[in-house]
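Trainee: Input: one structure, supplied below.
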Amino acid sequence: MNIHIKILRRKGPDAPPFWQTFLYETEETEITVAAALEDLNSREPLTDIEGEQADPVQWECNCLQKKCGACAMLVNDFPVLACEEKLCGHGDTVVLEPLRKFPVVRDLIVDRSVMSENLKEMNVWLSREADVSEDNQEELFTASQCLQCGCCLEICTSYVDGTDFYGMSALVPAARICGAQRDCGDGHMRESCQTHIFEGCQGFNACEHVCPAGIPVTRLMAHMMQTYWPDRK
């Protein structure tokens with residue numbers, strides 16, 4: 001296969017973005033975007049289709065096994081994990097961009113610290129020993145699979161950084177705490193879930209379709225509201 005990998009690049013947070021395209025040749029039909037990026041960066045020197053020497057492409061990775069969420073990016077305008085997404089099926093040109101809902105650090109690397117800051121603001125943590133039993137094990141296990149990759153926020157039409165709605169990247173960890181502490185921790189977290197999750201979600205459910213971990217976020221939200229907020233208005 002001869003594939004053109006077109007990448008939206010940026011040398012720093014304040015630098016102007018620019019496009020750069022690389023020719024990638026491979027006989028492997030199942031090769032992932034992550035593997036292709038690793039191969040490109042192993043070239044010495046790395047040159048684009050114009051024959052110009054290029055800096056190595058900056059992108060994040062850790063496990064490369066769909067366990068950490070670090071390699072989240074846009075592939076042909078859709079949020080995915082690079083370690084999971086295959087090059088085949090995208091045609092002759094594959095377009096890579098950083099997630100748009102987060103500040104760009106460099107190339108395909110973005111700053112997703114807003115997600116952890118939102119959890120801190122909501123007090124999403126255990127305030128005492130967890131209460132785990134057979135009847136809540138499945139809920140806790142499901143909520144524990146969140147990678148905090150940001151794909152759900154990327155596709156969410158309601159989420160904009162700086163607004164009150166924190167999205168499903170906050171809902172899933174909150175559901176885990178609510179499952180472990182039946183009163184959902186302290187009153188601040190209860191109020192925060194109402195303000196930053198329930199009131200802002202428009203129910204389009206696109207987040208569930210892009211979640212790399214396959215978390216049934218709409219079911220988790222419904223369970224939270226029915227179990228812990230039965231009197232919610």
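Labeling convention for the structure tokens: chains A, B, ... as they appear, residues from 1 per chain, ligands from 1 in order of appearance.
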Residues at most 12 Å from His223 of chain A, counting only C-alpha atoms, excluding those fewer than 5 positions away in the same chain, as a VMD selection string?
Mentor: chain A and resid 136 138 to 140 143 171 to 172 174 to 176 178 to 179 216 to 218 228 to 230
Trainee: Let's have the selection written as a tab-separated table (two decimals), in the first residue's frame, with N, CA and C atoms.
Mentor:
```
chain	number	residue	atom	x	y	z
A	136	ASN	N	-22.81	-4.16	43.49
A	136	ASN	CA	-22.28	-2.98	42.81
A	136	ASN	C	-20.94	-3.23	42.12
A	138	GLU	N	-20.27	-4.86	39.28
A	138	GLU	CA	-20.33	-4.64	37.84
A	138	GLU	C	-20.28	-3.16	37.50
A	139	GLU	N	-21.01	-2.35	38.25
A	139	GLU	CA	-21.01	-0.91	38.02
A	139	GLU	C	-19.62	-0.32	38.25
A	140	LEU	N	-18.96	-0.74	39.33
A	140	LEU	CA	-17.63	-0.23	39.64
A	140	LEU	C	-16.62	-0.65	38.58
A	143	ALA	N	-17.18	1.43	35.35
A	143	ALA	CA	-16.71	2.81	35.48
A	143	ALA	C	-15.19	2.90	35.60
A	171	LEU	N	-18.36	12.25	34.31
A	171	LEU	CA	-19.46	11.38	34.73
A	171	LEU	C	-18.97	9.99	35.13
A	172	VAL	N	-18.10	9.39	34.33
A	172	VAL	CA	-17.70	8.00	34.58
A	172	VAL	C	-16.92	7.86	35.90
A	174	ALA	N	-17.15	9.83	38.43
A	174	ALA	CA	-18.13	10.13	39.47
A	174	ALA	C	-19.02	8.92	39.74
A	175	ALA	N	-19.37	8.21	38.67
A	175	ALA	CA	-20.18	7.00	38.84
A	175	ALA	C	-19.43	5.95	39.63
A	176	ARG	N	-18.13	5.89	39.45
A	176	ARG	CA	-17.32	4.93	40.20
A	176	ARG	C	-17.33	5.26	41.70
A	178	CYS	N	-19.67	7.01	43.25
A	178	CYS	CA	-21.02	6.79	43.74
A	178	CYS	C	-21.29	5.31	43.99
A	179	GLY	N	-20.69	4.45	43.17
A	179	GLY	CA	-20.85	3.02	43.38
A	179	GLY	C	-20.14	2.52	44.61
A	216	PRO	N	-20.62	2.00	28.51
A	216	PRO	CA	-22.01	2.39	28.27
A	216	PRO	C	-22.37	3.62	29.11
A	217	VAL	N	-21.90	4.77	28.69
A	217	VAL	CA	-22.03	5.97	29.53
A	217	VAL	C	-23.47	6.38	29.76
A	218	THR	N	-24.34	6.16	28.78
A	218	THR	CA	-25.74	6.53	28.99
A	218	THR	C	-26.38	5.65	30.05
A	228	TYR	N	-29.07	7.26	42.88
A	228	TYR	CA	-28.51	8.21	43.84
A	228	TYR	C	-29.21	9.58	43.79
A	229	TRP	N	-29.97	9.84	42.72
A	229	TRP	CA	-30.71	11.10	42.62
A	229	TRP	C	-32.19	10.80	42.29
A	230	PRO	N	-32.87	9.97	43.06
A	230	PRO	CA	-34.25	9.62	42.73
A	230	PRO	C	-35.21	10.80	42.76
```
Trainee: Please identify all polymer residues within 10 Å of Glu28 of chain A, counting only C-alpha atoms, omitting same-chain residues fewer than 5 positions from it, and present them as an MDAnalysis selection string.
Mentor: chainID A and resid 1 87:88
Trainee: Could you find all residues in segment 87-173 of chain A that DSSP calls strand (DSSP E) from the backbone, and write them as a PyMOL selection string?
Mentor: chain A and resi 93-97+104-106+109-110
Trainee: If we count only C-alpha atoms, what is near Leu99 of chain A at a cut-off of 10 Å, once residues fewer than 3 positions away on the same chain are taken out, given as number ranges by chain?
Mentor: A: 72-75, 77-80, 96, 102-104, 108-112, 150-151, 153-155
Trainee: Gln53 of chain A: which residues within 12 Å, counting only C-alpha atoms, same-chain residues fewer than 6 positions away excluded, as a PyMOL selection string?
Mentor: chain A and resi 20-22+41+43-47
Trainee: Taking only C-alpha atoms into account, which of A:Glu52, A:Glu84, A:Glu134, A:Asp164 comes nearest Glu30 of chain A?
Mentor: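 Using only C-alpha atoms, Glu30 of chain A sits closest to A:Glu84.
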Trainee: Atom CA of Gly91 of chain A and atom CA of Ile3 of chain A, how far apart in Å?
Mentor: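 Between atom CA of Ile3 of chain A and atom CA of Gly91 of chain A the gap works out to 7.7 Å.
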Trainee: Skipping near chain neighbours, those fewer than 4 positions away, what residues fall within 12 Å of Lys67 of chain A using only C-alpha atoms, listed as a list of chain:residue names?
Mentor: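 What passes the distance filter is A:Cys61, A:Asn62, A:Cys63, A:Cys71, A:Ala72, A:Leu81, A:Ala82, A:Cys83, A:Glu84, A:Ser144, A:Gln145, A:Cys146, A:Leu147, A:Gln148, A:Cys149, A:Pro212, A:Ala213.
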Trainee: Generate a file of the selected residues that holds N, CA, C and O atoms, formatted as a PDB file, in the first residue's frame.
Mentor:
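What ended up in selection.pdb:
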```pdb
ATOM      1  N   CYS A  61       2.313   8.469  23.401  1.00  0.00           N
ATOM      2  CA  CYS A  61       1.962   7.067  23.518  1.00  0.00           C
ATOM      3  C   CYS A  61       2.546   6.531  24.815  1.00  0.00           C
ATOM      4  O   CYS A  61       3.470   7.119  25.378  1.00  0.00           O
ATOM      5  N   ASN A  62       1.999   5.435  25.270  1.00  0.00           N
ATOM      6  CA  ASN A  62       2.511   4.797  26.481  1.00  0.00           C
ATOM      7  C   ASN A  62       2.434   3.291  26.313  1.00  0.00           C
ATOM      8  O   ASN A  62       3.424   2.653  25.995  1.00  0.00           O
ATOM      9  N   CYS A  63       1.240   2.729  26.473  1.00  0.00           N
ATOM     10  CA  CYS A  63       1.122   1.276  26.449  1.00  0.00           C
ATOM     11  C   CYS A  63       1.018   0.707  25.038  1.00  0.00           C
ATOM     12  O   CYS A  63       1.424  -0.420  24.779  1.00  0.00           O
ATOM     13  N   CYS A  71      -2.648   8.105  23.243  1.00  0.00           N
ATOM     14  CA  CYS A  71      -2.458   8.345  21.808  1.00  0.00           C
ATOM     15  C   CYS A  71      -3.722   8.818  21.099  1.00  0.00           C
ATOM     16  O   CYS A  71      -3.832   8.685  19.875  1.00  0.00           O
ATOM     17  N   ALA A  72      -4.683   9.364  21.828  1.00  0.00           N
ATOM     18  CA  ALA A  72      -5.907   9.865  21.203  1.00  0.00           C
ATOM     19  C   ALA A  72      -5.600  11.009  20.246  1.00  0.00           C
ATOM     20  O   ALA A  72      -4.820  11.904  20.558  1.00  0.00           O
ATOM     21  N   LEU A  81      -8.029   6.147  19.090  1.00  0.00           N
ATOM     22  CA  LEU A  81      -6.706   5.862  19.622  1.00  0.00           C
ATOM     23  C   LEU A  81      -5.829   5.389  18.476  1.00  0.00           C
ATOM     24  O   LEU A  81      -6.190   4.458  17.743  1.00  0.00           O
ATOM     25  N   ALA A  82      -4.676   6.001  18.328  1.00  0.00           N
ATOM     26  CA  ALA A  82      -3.779   5.657  17.221  1.00  0.00           C
ATOM     27  C   ALA A  82      -3.307   4.216  17.298  1.00  0.00           C
ATOM     28  O   ALA A  82      -3.027   3.591  16.276  1.00  0.00           O
ATOM     29  N   CYS A  83      -3.217   3.663  18.514  1.00  0.00           N
ATOM     30  CA  CYS A  83      -2.742   2.292  18.667  1.00  0.00           C
ATOM     31  C   CYS A  83      -3.779   1.269  18.223  1.00  0.00           C
ATOM     32  O   CYS A  83      -3.459   0.093  18.047  1.00  0.00           O
ATOM     33  N   GLU A  84      -5.018   1.712  18.050  1.00  0.00           N
ATOM     34  CA  GLU A  84      -6.101   0.808  17.660  1.00  0.00           C
ATOM     35  C   GLU A  84      -6.522   1.002  16.208  1.00  0.00           C
ATOM     36  O   GLU A  84      -6.903   0.042  15.524  1.00  0.00           O
ATOM     37  N   SER A 144     -14.559   1.837  36.069  1.00  0.00           N
ATOM     38  CA  SER A 144     -13.105   1.866  36.243  1.00  0.00           C
ATOM     39  C   SER A 144     -12.347   1.780  34.930  1.00  0.00           C
ATOM     40  O   SER A 144     -11.133   1.994  34.895  1.00  0.00           O
ATOM     41  N   GLN A 145     -13.027   1.492  33.837  1.00  0.00           N
ATOM     42  CA  GLN A 145     -12.354   1.300  32.553  1.00  0.00           C
ATOM     43  C   GLN A 145     -12.104   2.603  31.788  1.00  0.00           C
ATOM     44  O   GLN A 145     -11.487   2.575  30.727  1.00  0.00           O
ATOM     45  N   CYS A 146     -12.561   3.726  32.316  1.00  0.00           N
ATOM     46  CA  CYS A 146     -12.354   5.009  31.631  1.00  0.00           C
ATOM     47  C   CYS A 146     -10.867   5.300  31.484  1.00  0.00           C
ATOM     48  O   CYS A 146     -10.100   5.237  32.454  1.00  0.00           O
ATOM     49  N   LEU A 147     -10.438   5.660  30.267  1.00  0.00           N
ATOM     50  CA  LEU A 147      -9.034   5.941  29.971  1.00  0.00           C
ATOM     51  C   LEU A 147      -8.691   7.416  30.113  1.00  0.00           C
ATOM     52  O   LEU A 147      -7.516   7.777  30.014  1.00  0.00           O
ATOM     53  N   GLN A 148      -9.686   8.271  30.307  1.00  0.00           N
ATOM     54  CA  GLN A 148      -9.468   9.715  30.340  1.00  0.00           C
ATOM     55  C   GLN A 148      -8.717  10.165  29.082  1.00  0.00           C
ATOM     56  O   GLN A 148      -7.803  10.999  29.134  1.00  0.00           O
ATOM     57  N   CYS A 149      -9.104   9.600  27.947  1.00  0.00           N
ATOM     58  CA  CYS A 149      -8.444   9.924  26.672  1.00  0.00           C
ATOM     59  C   CYS A 149      -8.965  11.221  26.066  1.00  0.00           C
ATOM     60  O   CYS A 149      -8.269  11.878  25.286  1.00  0.00           O
ATOM     61  N   PRO A 212     -13.276   4.435  23.269  1.00  0.00           N
ATOM     62  CA  PRO A 212     -12.406   3.297  22.948  1.00  0.00           C
ATOM     63  C   PRO A 212     -12.582   2.116  23.899  1.00  0.00           C
ATOM     64  O   PRO A 212     -12.344   0.970  23.522  1.00  0.00           O
ATOM     65  N   ALA A 213     -12.993   2.403  25.135  1.00  0.00           N
ATOM     66  CA  ALA A 213     -13.182   1.339  26.124  1.00  0.00           C
ATOM     67  C   ALA A 213     -14.575   0.717  26.049  1.00  0.00           C
ATOM     68  O   ALA A 213     -14.867  -0.249  26.756  1.00  0.00           O
TER      69      ALA A 213
END
```
Trainee: Quick check, in Å to one decimal: how far apart do atom CA of Ala170 of chain A and atom CA of Leu220 of chain A lie?
Mentor: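 Distance reported for this atom pair: 11.8 Å.
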Trainee: For His188 of chain A, which residue among A:Met224, A:Cys201, A:Met122, A:Val132 is the nearest when counting only C-alpha atoms?
Mentor: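 So, comparing all the options, the nearest one is A:Met122.
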Trainee: Find the residues around Ser192 of chain A up to 10 Å (only C-alpha atoms counted), leave out those fewer than 5 positions away in its own chain, and share them as a list in words.
Mentor: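 Final neighbour list, sorted by chain and number: Asn118, Leu119, Glu121, Met122, Asn123, Val124, Asp164, Phe165, Tyr166, Ala174, Gly187, Ile197 and Phe198 of chain A.
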Trainee: Which residue gives the smallest distance to Met225 of chain A among A:Ala54, A:Val114, A:Cys193, A:Ile177, with only C-alpha atoms counted?
Mentor: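 That would be A:Cys193, the residue with the smallest distance to Met225 of chain A.
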Trainee: Using DSSP on the backbone, list every residue of segment 27-155 of chain A that comes out as helix (DSSP H, G or I), and give them as a JSON list (two decimals) with all heavy atoms, in the first residue's frame.
Mentor:
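Generated file (states.json):
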```
[["chain", "number", "residue", "atom", "x", "y", "z"],
["A", 33, "VAL", "N", -2.16, 3.26, 12.96],
["A", 33, "VAL", "CA", -1.65, 4.62, 12.83],
["A", 33, "VAL", "C", -0.43, 4.81, 13.72],
["A", 33, "VAL", "O", 0.56, 5.43, 13.31],
["A", 33, "VAL", "CB", -2.74, 5.65, 13.19],
["A", 33, "VAL", "CG1", -2.17, 7.06, 13.29],
["A", 33, "VAL", "CG2", -3.88, 5.58, 12.18],
["A", 34, "ALA", "N", -0.47, 4.26, 14.92],
["A", 34, "ALA", "CA", 0.66, 4.38, 15.85],
["A", 34, "ALA", "C", 1.91, 3.74, 15.28],
["A", 34, "ALA", "O", 3.01, 4.31, 15.35],
["A", 34, "ALA", "CB", 0.31, 3.75, 17.20],
["A", 35, "ALA", "N", 1.78, 2.55, 14.71],
["A", 35, "ALA", "CA", 2.93, 1.86, 14.12],
["A", 35, "ALA", "C", 3.49, 2.64, 12.95],
["A", 35, "ALA", "O", 4.71, 2.72, 12.76],
["A", 35, "ALA", "CB", 2.54, 0.45, 13.69],
["A", 36, "ALA", "N", 2.61, 3.24, 12.15],
["A", 36, "ALA", "CA", 3.05, 4.05, 11.01],
["A", 36, "ALA", "C", 3.82, 5.28, 11.48],
["A", 36, "ALA", "O", 4.86, 5.64, 10.90],
["A", 36, "ALA", "CB", 1.86, 4.47, 10.16],
["A", 37, "LEU", "N", 3.35, 5.93, 12.54],
["A", 37, "LEU", "CA", 4.07, 7.09, 13.08],
["A", 37, "LEU", "C", 5.43, 6.69, 13.62],
["A", 37, "LEU", "O", 6.42, 7.42, 13.44],
["A", 37, "LEU", "CB", 3.23, 7.75, 14.18],
["A", 37, "LEU", "CG", 2.01, 8.55, 13.71],
["A", 37, "LEU", "CD1", 1.15, 8.96, 14.90],
["A", 37, "LEU", "CD2", 2.45, 9.79, 12.93],
["A", 38, "GLU", "N", 5.49, 5.55, 14.29],
["A", 38, "GLU", "CA", 6.78, 5.07, 14.79],
["A", 38, "GLU", "C", 7.74, 4.80, 13.64],
["A", 38, "GLU", "O", 8.93, 5.12, 13.70],
["A", 38, "GLU", "CB", 6.59, 3.80, 15.62],
["A", 38, "GLU", "CG", 5.96, 4.05, 16.99],
["A", 38, "GLU", "CD", 5.96, 2.81, 17.84],
["A", 38, "GLU", "OE1", 5.69, 1.71, 17.31],
["A", 38, "GLU", "OE2", 6.24, 2.91, 19.05],
["A", 39, "ASP", "N", 7.23, 4.20, 12.56],
["A", 39, "ASP", "CA", 8.07, 3.93, 11.39],
["A", 39, "ASP", "C", 8.57, 5.21, 10.74],
["A", 39, "ASP", "O", 9.73, 5.31, 10.35],
["A", 39, "ASP", "CB", 7.29, 3.10, 10.36],
["A", 39, "ASP", "CG", 7.16, 1.63, 10.77],
["A", 39, "ASP", "OD1", 7.81, 1.24, 11.75],
["A", 39, "ASP", "OD2", 6.40, 0.91, 10.10],
["A", 40, "LEU", "N", 7.68, 6.20, 10.62],
["A", 40, "LEU", "CA", 8.09, 7.48, 10.03],
["A", 40, "LEU", "C", 9.20, 8.12, 10.86],
["A", 40, "LEU", "O", 10.21, 8.59, 10.33],
["A", 40, "LEU", "CB", 6.89, 8.43, 9.95],
["A", 40, "LEU", "CG", 5.85, 8.17, 8.86],
["A", 40, "LEU", "CD1", 4.70, 9.17, 8.97],
["A", 40, "LEU", "CD2", 6.47, 8.26, 7.46],
["A", 41, "ASN", "N", 9.04, 8.13, 12.17],
["A", 41, "ASN", "CA", 10.02, 8.77, 13.04],
["A", 41, "ASN", "C", 11.34, 8.02, 13.12],
["A", 41, "ASN", "O", 12.35, 8.57, 13.60],
["A", 41, "ASN", "CB", 9.44, 8.95, 14.45],
["A", 41, "ASN", "CG", 8.48, 10.12, 14.54],
["A", 41, "ASN", "OD1", 8.45, 10.98, 13.66],
["A", 41, "ASN", "ND2", 7.70, 10.18, 15.60],
["A", 113, "SER", "N", -5.13, 18.33, 30.72],
["A", 113, "SER", "CA", -5.17, 18.46, 32.18],
["A", 113, "SER", "C", -6.51, 19.01, 32.68],
["A", 113, "SER", "O", -6.84, 18.85, 33.86],
["A", 113, "SER", "CB", -4.04, 19.36, 32.66],
["A", 113, "SER", "OG", -4.13, 20.67, 32.11],
["A", 114, "VAL", "N", -7.29, 19.64, 31.81],
["A", 114, "VAL", "CA", -8.59, 20.17, 32.23],
["A", 114, "VAL", "C", -9.47, 19.06, 32.79],
["A", 114, "VAL", "O", -10.29, 19.30, 33.70],
["A", 114, "VAL", "CB", -9.30, 20.89, 31.06],
["A", 114, "VAL", "CG1", -9.61, 19.93, 29.91],
["A", 114, "VAL", "CG2", -10.58, 21.56, 31.53],
["A", 115, "MET", "N", -9.32, 17.84, 32.30],
["A", 115, "MET", "CA", -10.16, 16.75, 32.79],
["A", 115, "MET", "C", -9.87, 16.44, 34.25],
["A", 115, "MET", "O", -10.79, 16.25, 35.06],
["A", 115, "MET", "CB", -9.97, 15.51, 31.91],
["A", 115, "MET", "CG", -10.53, 15.68, 30.50],
["A", 115, "MET", "SD", -10.51, 14.13, 29.56],
["A", 115, "MET", "CE", -8.75, 13.91, 29.31],
["A", 116, "SER", "N", -8.60, 16.37, 34.62],
["A", 116, "SER", "CA", -8.26, 16.11, 36.01],
["A", 116, "SER", "C", -8.60, 17.30, 36.89],
["A", 116, "SER", "O", -9.03, 17.13, 38.05],
["A", 116, "SER", "CB", -6.77, 15.77, 36.14],
["A", 116, "SER", "OG", -5.96, 16.82, 35.67],
["A", 117, "GLU", "N", -8.48, 18.51, 36.35],
["A", 117, "GLU", "CA", -8.85, 19.70, 37.13],
["A", 117, "GLU", "C", -10.35, 19.71, 37.41],
["A", 117, "GLU", "O", -10.79, 20.12, 38.50],
["A", 117, "GLU", "CB", -8.43, 20.97, 36.39],
["A", 117, "GLU", "CG", -6.93, 21.16, 36.28],
["A", 117, "GLU", "CD", -6.24, 21.19, 37.63],
["A", 117, "GLU", "OE1", -6.78, 21.83, 38.56],
["A", 117, "GLU", "OE2", -5.18, 20.55, 37.78],
["A", 118, "ASN", "N", -11.14, 19.27, 36.44],
["A", 118, "ASN", "CA", -12.59, 19.20, 36.65],
["A", 118, "ASN", "C", -12.94, 18.20, 37.74],
["A", 118, "ASN", "O", -13.84, 18.43, 38.56],
["A", 118, "ASN", "CB", -13.29, 18.82, 35.34],
["A", 118, "ASN", "CG", -13.29, 19.95, 34.34],
["A", 118, "ASN", "OD1", -13.05, 21.11, 34.69],
["A", 118, "ASN", "ND2", -13.55, 19.63, 33.08],
["A", 119, "LEU", "N", -12.24, 17.07, 37.76],
["A", 119, "LEU", "CA", -12.49, 16.07, 38.80],
["A", 119, "LEU", "C", -12.12, 16.60, 40.17],
["A", 119, "LEU", "O", -12.81, 16.33, 41.16],
["A", 119, "LEU", "CB", -11.71, 14.78, 38.49],
["A", 119, "LEU", "CG", -12.12, 14.03, 37.23],
["A", 119, "LEU", "CD1", -11.28, 12.76, 37.08],
["A", 119, "LEU", "CD2", -13.60, 13.68, 37.24],
["A", 120, "LYS", "N", -11.03, 17.35, 40.24],
["A", 120, "LYS", "CA", -10.65, 17.97, 41.51],
["A", 120, "LYS", "C", -11.71, 18.95, 41.98],
["A", 120, "LYS", "O", -12.07, 19.00, 43.16],
["A", 120, "LYS", "CB", -9.32, 18.70, 41.36],
["A", 120, "LYS", "CG", -8.11, 17.81, 41.15],
["A", 120, "LYS", "CD", -6.86, 18.65, 40.97],
["A", 120, "LYS", "CE", -5.65, 17.81, 40.63],
["A", 120, "LYS", "NZ", -4.44, 18.66, 40.39],
["A", 121, "GLU", "N", -12.23, 19.75, 41.04],
["A", 121, "GLU", "CA", -13.23, 20.75, 41.40],
["A", 121, "GLU", "C", -14.51, 20.09, 41.91],
["A", 121, "GLU", "O", -15.19, 20.62, 42.80],
["A", 121, "GLU", "CB", -13.54, 21.62, 40.18],
["A", 121, "GLU", "CG", -14.25, 22.94, 40.48],
["A", 121, "GLU", "CD", -15.74, 22.74, 40.75],
["A", 121, "GLU", "OE1", -16.34, 21.82, 40.16],
["A", 121, "GLU", "OE2", -16.29, 23.52, 41.55],
["A", 122, "MET", "N", -14.82, 18.90, 41.38],
["A", 122, "MET", "CA", -16.04, 18.19, 41.78],
["A", 122, "MET", "C", -15.86, 17.34, 43.03],
["A", 122, "MET", "O", -16.81, 16.75, 43.52],
["A", 122, "MET", "CB", -16.52, 17.30, 40.63],
["A", 122, "MET", "CG", -17.04, 18.05, 39.42],
["A", 122, "MET", "SD", -17.50, 16.92, 38.07],
["A", 122, "MET", "CE", -18.80, 15.95, 38.83],
["A", 137, "GLN", "N", -20.49, -4.48, 42.09],
["A", 137, "GLN", "CA", -19.21, -4.80, 41.47],
["A", 137, "GLN", "C", -19.21, -4.50, 39.97],
["A", 137, "GLN", "O", -18.24, -3.95, 39.44],
["A", 137, "GLN", "CB", -18.85, -6.27, 41.70],
["A", 137, "GLN", "CG", -18.31, -6.56, 43.09],
["A", 137, "GLN", "CD", -17.91, -8.01, 43.26],
["A", 137, "GLN", "OE1", -18.17, -8.84, 42.39],
["A", 137, "GLN", "NE2", -17.29, -8.32, 44.38],
["A", 138, "GLU", "N", -20.27, -4.86, 39.28],
["A", 138, "GLU", "CA", -20.33, -4.64, 37.84],
["A", 138, "GLU", "C", -20.28, -3.16, 37.50],
["A", 138, "GLU", "O", -19.57, -2.73, 36.58],
["A", 138, "GLU", "CB", -21.59, -5.25, 37.24],
["A", 138, "GLU", "CG", -21.68, -5.10, 35.73],
["A", 138, "GLU", "CD", -22.92, -5.73, 35.14],
["A", 138, "GLU", "OE1", -23.68, -6.39, 35.89],
["A", 138, "GLU", "OE2", -23.13, -5.58, 33.92],
["A", 139, "GLU", "N", -21.01, -2.35, 38.25],
["A", 139, "GLU", "CA", -21.01, -0.91, 38.02],
["A", 139, "GLU", "C", -19.62, -0.32, 38.25],
["A", 139, "GLU", "O", -19.13, 0.49, 37.46],
["A", 139, "GLU", "CB", -22.02, -0.24, 38.96],
["A", 139, "GLU", "CG", -22.03, 1.28, 38.86],
["A", 139, "GLU", "CD", -22.81, 1.91, 40.00],
["A", 139, "GLU", "OE1", -23.48, 1.17, 40.76],
["A", 139, "GLU", "OE2", -22.73, 3.14, 40.15],
["A", 140, "LEU", "N", -18.96, -0.74, 39.33],
["A", 140, "LEU", "CA", -17.63, -0.23, 39.64],
["A", 140, "LEU", "C", -16.62, -0.65, 38.58],
["A", 140, "LEU", "O", -15.77, 0.14, 38.17],
["A", 140, "LEU", "CB", -17.17, -0.73, 41.01],
["A", 140, "LEU", "CG", -17.87, -0.12, 42.22],
["A", 140, "LEU", "CD1", -17.45, -0.84, 43.49],
["A", 140, "LEU", "CD2", -17.57, 1.35, 42.32],
["A", 141, "PHE", "N", -16.71, -1.89, 38.13],
["A", 141, "PHE", "CA", -15.78, -2.37, 37.11],
["A", 141, "PHE", "C", -15.98, -1.61, 35.81],
["A", 141, "PHE", "O", -15.01, -1.19, 35.15],
["A", 141, "PHE", "CB", -15.97, -3.86, 36.88],
["A", 141, "PHE", "CG", -15.11, -4.39, 35.76],
["A", 141, "PHE", "CD1", -13.75, -4.57, 35.94],
["A", 141, "PHE", "CD2", -15.67, -4.71, 34.53],
["A", 141, "PHE", "CE1", -12.95, -5.05, 34.90],
["A", 141, "PHE", "CE2", -14.88, -5.19, 33.49],
["A", 141, "PHE", "CZ", -13.51, -5.36, 33.68],
["A", 142, "THR", "N", -17.23, -1.40, 35.42],
["A", 142, "THR", "CA", -17.52, -0.67, 34.18],
["A", 142, "THR", "C", -16.95, 0.74, 34.24],
["A", 142, "THR", "O", -16.29, 1.21, 33.31],
["A", 142, "THR", "CB", -19.04, -0.61, 33.95],
["A", 142, "THR", "OG1", -19.54, -1.93, 33.80],
["A", 142, "THR", "CG2", -19.37, 0.19, 32.69],
["A", 143, "ALA", "N", -17.18, 1.43, 35.35],
["A", 143, "ALA", "CA", -16.71, 2.81, 35.48],
["A", 143, "ALA", "C", -15.19, 2.90, 35.60],
["A", 143, "ALA", "O", -14.59, 3.92, 35.23],
["A", 143, "ALA", "CB", -17.36, 3.47, 36.70],
["A", 151, "CYS", "N", -11.70, 11.44, 24.06],
["A", 151, "CYS", "CA", -12.47, 11.24, 22.83],
["A", 151, "CYS", "C", -13.93, 11.63, 23.00],
["A", 151, "CYS", "O", -14.55, 12.18, 22.09],
["A", 151, "CYS", "CB", -12.36, 9.79, 22.36],
["A", 151, "CYS", "SG", -10.75, 9.33, 21.68],
["A", 152, "CYS", "N", -14.49, 11.35, 24.18],
["A", 152, "CYS", "CA", -15.89, 11.68, 24.42],
["A", 152, "CYS", "C", -16.12, 13.18, 24.39],
["A", 152, "CYS", "O", -17.14, 13.67, 23.87],
["A", 152, "CYS", "CB", -16.36, 11.10, 25.75],
["A", 152, "CYS", "SG", -15.44, 11.67, 27.19],
["A", 153, "LEU", "N", -15.19, 13.94, 24.94],
["A", 153, "LEU", "CA", -15.32, 15.40, 24.93],
["A", 153, "LEU", "C", -15.11, 15.96, 23.54],
["A", 153, "LEU", "O", -15.74, 16.95, 23.15],
["A", 153, "LEU", "CB", -14.32, 16.03, 25.90],
["A", 153, "LEU", "CG", -14.44, 15.61, 27.37],
["A", 153, "LEU", "CD1", -13.46, 16.42, 28.22],
["A", 153, "LEU", "CD2", -15.86, 15.80, 27.88],
["A", 154, "GLU", "N", -14.23, 15.33, 22.78],
["A", 154, "GLU", "CA", -13.94, 15.79, 21.42],
["A", 154, "GLU", "C", -15.18, 15.77, 20.55],
["A", 154, "GLU", "O", -15.41, 16.68, 19.75],
["A", 154, "GLU", "CB", -12.84, 14.93, 20.80],
["A", 154, "GLU", "CG", -12.46, 15.30, 19.38],
["A", 154, "GLU", "CD", -11.81, 16.67, 19.28],
["A", 154, "GLU", "OE1", -11.18, 17.11, 20.28],
["A", 154, "GLU", "OE2", -11.90, 17.30, 18.21],
["A", 155, "ILE", "N", -16.00, 14.74, 20.69],
["A", 155, "ILE", "CA", -17.16, 14.60, 19.80],
["A", 155, "ILE", "C", -18.42, 15.22, 20.39],
["A", 155, "ILE", "O", -19.42, 15.36, 19.70],
["A", 155, "ILE", "CB", -17.41, 13.11, 19.48],
["A", 155, "ILE", "CG1", -18.15, 12.97, 18.15],
["A", 155, "ILE", "CG2", -18.13, 12.41, 20.62],
["A", 155, "ILE", "CD1", -18.15, 11.58, 17.60]]
```
Trainee: Could you work out how far atom CA of Thr157 of chain A lies from atom CA of Ala206 of chain A, giving the answer in Å with one decimal?
Mentor: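 A separation of 8.9 Å between them.
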Trainee: Any idea what's packed within 7 Å of Val94 of chain A, counting only C-alpha atoms, ignoring anything in its chain fewer than 4 positions away? Could you give it as a ChimeraX atom specification?
Mentor: /A:4-6,75-76,90
